[in-house]
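Shown next: protein35.txt, containing compact mmCIF, C-alpha atoms.
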```txt
# COMPACT_ATOMS: atom_id res chain seq x y z
CA MET A 1 0.00 0.00 0.00
CA ILE A 2 1.23 3.47 -0.88
CA LEU A 3 -0.43 6.13 1.27
CA LEU A 4 -0.13 9.88 0.78
CA LEU A 5 -0.72 12.16 3.77
CA LEU A 6 -1.94 15.66 2.91
CA GLY A 7 -2.33 18.39 5.48
CA ALA A 8 -1.23 21.89 6.38
CA PRO A 9 1.69 22.48 8.78
CA GLY A 10 0.51 21.44 12.24
CA SER A 11 -2.20 19.09 10.98
CA GLY A 12 -0.50 16.12 12.63
CA LYS A 13 1.09 14.31 9.69
CA GLY A 14 4.20 13.52 11.72
CA THR A 15 2.23 12.17 14.67
CA ILE A 16 0.01 9.99 12.49
CA SER A 17 3.05 8.77 10.58
CA ASN A 18 4.73 7.65 13.80
CA VAL A 19 1.69 5.57 14.79
CA LEU A 20 1.44 4.01 11.32
CA ILE A 21 5.14 3.13 11.47
CA ASP A 22 4.99 1.69 15.00
CA LYS A 23 1.64 -0.10 14.83
CA PHE A 24 1.15 -0.95 11.15
CA ASN A 25 4.74 -1.42 9.88
CA PHE A 26 4.74 1.38 7.33
CA GLU A 27 7.95 2.83 5.91
CA HIS A 28 8.12 6.63 5.88
CA ILE A 29 9.29 8.80 2.99
CA SER A 30 9.77 12.48 3.78
CA THR A 31 11.83 14.54 1.34
CA GLY A 32 13.51 16.46 4.16
CA ASP A 33 14.50 13.23 5.89
CA LEU A 34 15.75 11.69 2.63
CA LEU A 35 17.94 14.69 1.86
CA ARG A 36 19.42 14.74 5.37
CA ALA A 37 20.01 10.98 5.28
CA GLU A 38 21.78 11.22 1.94
CA VAL A 39 24.03 14.00 3.27
CA ALA A 40 24.79 11.97 6.41
CA SER A 41 25.71 8.92 4.28
CA GLY A 42 28.68 10.75 2.83
CA SER A 43 27.82 9.62 -0.72
CA GLN A 44 28.80 11.70 -3.74
CA LEU A 45 25.15 12.68 -4.16
CA GLY A 46 25.01 13.58 -0.48
CA LYS A 47 28.01 15.87 -0.87
CA GLU A 48 26.33 17.60 -3.81
CA ILE A 49 23.11 18.06 -1.84
CA ASP A 50 25.05 19.39 1.17
CA ALA A 51 26.83 21.97 -1.00
CA ILE A 52 23.53 23.11 -2.53
CA MET A 53 21.81 23.51 0.85
CA LYS A 54 24.80 25.28 2.41
CA SER A 55 24.82 27.76 -0.47
CA GLY A 56 21.23 28.69 0.42
CA LYS A 57 19.84 27.36 -2.85
CA PHE A 58 16.92 24.97 -3.27
CA VAL A 59 17.57 21.37 -4.21
CA SER A 60 16.27 20.88 -7.75
CA ALA A 61 12.89 19.28 -8.39
CA ASP A 62 14.53 16.64 -10.59
CA LEU A 63 16.92 15.59 -7.82
CA VAL A 64 14.09 15.33 -5.28
CA ASN A 65 11.92 13.39 -7.76
CA ASN A 66 14.69 10.89 -8.44
CA LEU A 67 15.55 10.49 -4.76
CA VAL A 68 11.92 9.72 -3.86
CA LYS A 69 11.66 7.34 -6.81
CA THR A 70 14.76 5.41 -5.68
CA TYR A 71 13.50 4.89 -2.12
CA LEU A 72 9.89 4.24 -3.12
CA ASN A 73 10.90 1.56 -5.63
CA LYS A 74 13.18 -0.02 -3.03
CA TYR A 75 10.46 -0.24 -0.38
CA THR A 76 7.74 -1.49 -2.72
CA ALA A 77 10.10 -4.11 -4.19
CA ASP A 78 10.52 -5.39 -0.63
CA GLY A 79 6.73 -5.57 -0.24
CA LYS A 80 6.59 -2.68 2.23
CA SER A 81 3.67 -0.32 2.81
CA VAL A 82 4.82 3.30 2.41
CA ILE A 83 3.75 6.69 3.72
CA LEU A 84 4.51 9.68 1.50
CA ASP A 85 4.76 12.82 3.65
CA GLY A 86 5.51 16.20 2.09
CA TYR A 87 5.71 14.75 -1.41
CA PRO A 88 4.26 15.39 -3.90
CA ARG A 89 3.97 19.09 -3.07
CA ASN A 90 2.21 20.07 -6.27
CA VAL A 91 0.27 18.61 -9.19
CA GLU A 92 3.36 18.51 -11.40
CA GLN A 93 5.13 16.19 -8.94
CA ALA A 94 1.94 14.13 -8.61
CA LYS A 95 1.83 13.60 -12.36
CA TYR A 96 5.48 12.51 -12.35
CA LEU A 97 4.70 10.05 -9.56
CA ASP A 98 1.94 8.58 -11.72
CA THR A 99 4.49 7.68 -14.41
CA TYR A 100 6.08 4.93 -12.32
CA THR A 101 3.79 4.00 -9.42
CA LYS A 102 0.19 4.08 -8.16
CA ILE A 103 -1.03 5.83 -5.03
CA ASP A 104 -3.54 3.57 -3.27
CA ALA A 105 -5.03 6.08 -0.84
CA VAL A 106 -4.77 9.76 0.06
CA ALA A 107 -5.59 10.94 3.59
CA GLU A 108 -6.31 14.65 3.93
CA LEU A 109 -5.93 15.79 7.56
CA VAL A 110 -8.10 18.82 8.29
CA VAL A 111 -7.79 21.08 11.36
CA ASP A 112 -9.24 24.49 12.23
CA LYS A 113 -6.78 27.27 11.28
CA GLU A 114 -6.54 28.69 14.82
CA LEU A 115 -5.71 25.26 16.22
CA LEU A 116 -3.12 24.75 13.47
CA ILE A 117 -1.35 27.93 14.54
CA ASN A 118 -1.41 26.89 18.21
CA ARG A 119 -0.07 23.46 17.32
CA VAL A 120 2.90 24.93 15.47
CA VAL A 121 3.66 27.78 17.88
CA GLY A 122 3.46 25.40 20.85
CA ARG A 123 5.77 22.71 19.42
CA TRP A 124 8.85 21.65 21.36
CA ASN A 125 11.08 18.84 20.18
CA CYS A 126 13.78 16.57 21.57
CA ASN A 127 16.94 16.58 19.47
CA LYS A 128 18.22 13.50 21.28
CA CYS A 129 15.43 10.93 20.75
CA GLY A 130 13.14 12.79 18.32
CA ALA A 131 10.07 12.97 20.60
CA GLY A 132 7.67 15.87 20.03
CA TYR A 133 5.50 17.80 22.51
CA ASN A 134 3.09 20.72 22.48
CA VAL A 135 2.51 23.17 25.31
CA LEU A 136 -0.58 24.77 23.76
CA THR A 137 -2.79 21.74 23.19
CA THR A 138 -3.88 18.92 25.51
CA ALA A 139 -2.16 17.54 28.60
CA ASP A 140 -1.30 14.37 26.66
CA TYR A 141 1.33 16.30 24.72
CA MET A 142 2.80 18.31 27.60
CA PRO A 143 6.50 17.69 28.35
CA ASN A 144 8.07 17.71 31.79
CA GLU A 145 8.75 21.22 33.07
CA LYS A 146 11.28 22.52 35.59
CA ASP A 147 12.44 26.05 36.32
CA GLY A 148 10.73 27.38 33.20
CA LYS A 149 12.38 24.85 30.89
CA TYR A 150 10.88 21.84 29.13
CA PHE A 151 12.32 18.32 29.22
CA CYS A 152 11.62 15.11 27.29
CA LYS A 153 9.49 12.52 29.08
CA LYS A 154 11.28 9.70 27.25
CA CYS A 155 14.98 10.49 27.64
CA GLY A 156 15.13 13.54 29.92
CA ALA A 157 16.93 15.82 27.46
CA GLU A 158 16.08 19.52 27.37
CA LEU A 159 13.67 20.35 24.53
CA VAL A 160 14.22 22.93 21.81
CA HIS A 161 11.81 25.29 20.07
CA ARG A 162 12.38 26.09 16.39
CA ALA A 163 12.87 29.79 15.74
CA ASP A 164 10.49 29.65 12.76
CA ASP A 165 7.65 28.14 14.81
CA ASN A 166 5.98 31.53 15.32
CA LYS A 167 2.67 33.07 14.22
CA GLU A 168 4.12 35.17 11.41
CA THR A 169 6.02 32.29 9.83
CA ILE A 170 3.19 29.76 10.16
CA ALA A 171 0.78 32.25 8.53
CA LYS A 172 3.09 32.45 5.51
CA ARG A 173 3.54 28.68 5.42
CA LEU A 174 -0.23 28.20 5.44
CA GLU A 175 -0.56 30.61 2.50
CA THR A 176 2.09 28.64 0.60
CA TYR A 177 0.31 25.38 1.40
CA GLU A 178 -3.02 26.70 0.15
CA GLU A 179 -1.48 28.00 -3.09
CA GLN A 180 0.74 25.03 -3.96
CA THR A 181 -0.60 21.94 -2.24
CA LEU A 182 -4.37 22.34 -1.99
CA PRO A 183 -4.76 21.75 -5.76
CA LEU A 184 -3.60 18.20 -4.96
CA VAL A 185 -6.83 17.71 -3.04
CA ASP A 186 -8.88 18.17 -6.23
CA PHE A 187 -6.35 16.14 -8.24
CA TYR A 188 -6.72 13.08 -6.01
CA LYS A 189 -10.43 13.65 -5.33
CA ASN A 190 -11.01 13.35 -9.06
CA LYS A 191 -9.18 10.01 -8.97
CA GLY A 192 -11.58 8.82 -6.25
CA ILE A 193 -8.84 7.91 -3.76
CA LEU A 194 -8.98 10.85 -1.33
CA THR A 195 -10.61 10.68 2.10
CA THR A 196 -10.84 13.69 4.42
CA TYR A 197 -10.34 13.15 8.15
CA ASP A 198 -10.89 15.32 11.21
CA ALA A 199 -7.32 15.48 12.53
CA THR A 200 -8.48 16.47 16.03
CA ALA A 201 -9.73 12.91 16.57
CA ASN A 202 -7.92 10.40 18.77
CA THR A 203 -4.57 9.71 17.12
CA GLN A 204 -4.65 5.93 17.55
CA ASP A 205 -8.20 5.64 16.21
CA LEU A 206 -7.43 7.95 13.31
CA ALA A 207 -4.30 6.00 12.32
CA LYS A 208 -6.28 2.75 12.41
CA LYS A 209 -8.98 4.19 10.12
CA ILE A 210 -6.35 5.41 7.67
CA ALA A 211 -4.41 2.13 7.68
CA ASN A 212 -7.56 0.08 7.09
CA LYS A 213 -8.93 2.28 4.32
```
How does this structure look as structure tokens?
Amino acid sequence: MILLLLGAPGSGKGTISNVLIDKFNFEHISTGDLLRAEVASGSQLGKEIDAIMKSGKFVSADLVNNLVKTYLNKYTADGKSVILDGYPRNVEQAKYLDTYTKIDAVAELVVDKELLINRVVGRWNCNKCGAGYNVLTTADYMPNEKDGKYFCKKCGAELVHRADDNKETIAKRLETYEEQTLPLVDFYKNKGILTTYDATANTQDLAKKIANK
């Protein structure tokens, strides 16, 4: 099964992905993760990507397309179910994807705009174990707190807050999402494979519905 997760920043794609990986044995393809992994590998391609990113330029669409294609073909050849997260970002990439594989299901995660902003602004992350928390939503996502600082419940490391997780930046990111990515909703709706979900629902229940679609 190849599953595409669509949703604005803060809609919970990362959280849902983690449950699908842990409970339903999905592999996860995120373009950001793939690029960082390739750089960390020390490969010739990784060195080229590193130089591009350090120069402040964007990695080309062709390079990203080919990188996703390589990993997607590898996972599907091994019989793995795959989550696509953050790719395709636009209809052009979606059409390229159609040339070599078939998306089985698309899950659109929908959240009220005000809640989206609170989710992003309130995010704190652990750089040691990768756990994520949120101080502006429910108690379930609250980290440990001591002397005005936040700490990971899993490993105890002090959490960090991304500088771009602020109201001004998230407002711009939401505009970009609506302009570039929302057309994908119509693209996949016309194919009859898109289902819209209320992303404020219980995470475990929501992941189960998506996995069993």
Worksheet entry | region 111-125 of chain A environment, 9 Å, only C-alpha atoms, sequence neighbours closer than 5 positions dropped, as a PyMOL selection string | chain A and resi 7-12+130-137+143+150+152+158-162+164-167+170-171+174+197-200
Discussion item. With only C-alpha atoms as the counted atoms, please give the residues lying no more than 10 Å from Gly14 (chain A), apart from itself and same-chain residues fewer than 6 positions off, as a VMD selection string.
Written reply: chain A and resid 5 20 28 30 85 132
Worksheet, complete the sentence: Min atom-atom distance to Val110 (chain A) from the set A:Lys128, A:Lys80, A:Lys208, A:Lys13, counting only C-alpha atoms, belongs to A:Lys13
Discussion item. Applying 8 Å and only C-alpha atoms, which residues near Thr203 (chain A) remain after dropping the ones on its own chain fewer than 2 positions away? List them as an NGL selection string.
Written reply: :A and (15-16 or 19 or 199-201 or 205-207)
Practice prompt. Dig up all the protein and nucleic acid residues within 12 Å of (10.5, 5.8, -9.2) in the file frame, using all atoms listed in the file, and format them as a list of chain:residue names.
Written response: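 Those residues, ordered by chain and then number, are A:Asp62, A:Leu63, A:Val64, A:Asn65, A:Asn66, A:Leu67, A:Val68, A:Lys69, A:Thr70, A:Tyr71, A:Leu72, A:Asn73, A:Lys74, A:Tyr75, A:Thr76, A:Ala77, A:Gln93, A:Ala94, A:Tyr96, A:Leu97, A:Asp98, A:Thr99, A:Tyr100, A:Thr101, A:Lys102.
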Go ahead and dump the residues you just picked, C-alpha atoms, as an mmCIF file, keeping the file's coordinate frame.
```cif
data_model
loop_
_atom_site.group_PDB
_atom_site.id
_atom_site.type_symbol
_atom_site.label_atom_id
_atom_site.label_comp_id
_atom_site.auth_asym_id
_atom_site.auth_seq_id
_atom_site.Cartn_x
_atom_site.Cartn_y
_atom_site.Cartn_z
ATOM 1 C CA ASP A 62 14.530 16.640 -10.590
ATOM 2 C CA LEU A 63 16.920 15.590 -7.820
ATOM 3 C CA VAL A 64 14.090 15.330 -5.280
ATOM 4 C CA ASN A 65 11.920 13.390 -7.760
ATOM 5 C CA ASN A 66 14.690 10.890 -8.440
ATOM 6 C CA LEU A 67 15.550 10.490 -4.760
ATOM 7 C CA VAL A 68 11.920 9.720 -3.860
ATOM 8 C CA LYS A 69 11.660 7.340 -6.810
ATOM 9 C CA THR A 70 14.760 5.410 -5.680
ATOM 10 C CA TYR A 71 13.500 4.890 -2.120
ATOM 11 C CA LEU A 72 9.890 4.240 -3.120
ATOM 12 C CA ASN A 73 10.900 1.560 -5.630
ATOM 13 C CA LYS A 74 13.180 -0.020 -3.030
ATOM 14 C CA TYR A 75 10.460 -0.240 -0.380
ATOM 15 C CA THR A 76 7.740 -1.490 -2.720
ATOM 16 C CA ALA A 77 10.100 -4.110 -4.190
ATOM 17 C CA GLN A 93 5.130 16.190 -8.940
ATOM 18 C CA ALA A 94 1.940 14.130 -8.610
ATOM 19 C CA TYR A 96 5.480 12.510 -12.350
ATOM 20 C CA LEU A 97 4.700 10.050 -9.560
ATOM 21 C CA ASP A 98 1.940 8.580 -11.720
ATOM 22 C CA THR A 99 4.490 7.680 -14.410
ATOM 23 C CA TYR A 100 6.080 4.930 -12.320
ATOM 24 C CA THR A 101 3.790 4.000 -9.420
ATOM 25 C CA LYS A 102 0.190 4.080 -8.160
#
```
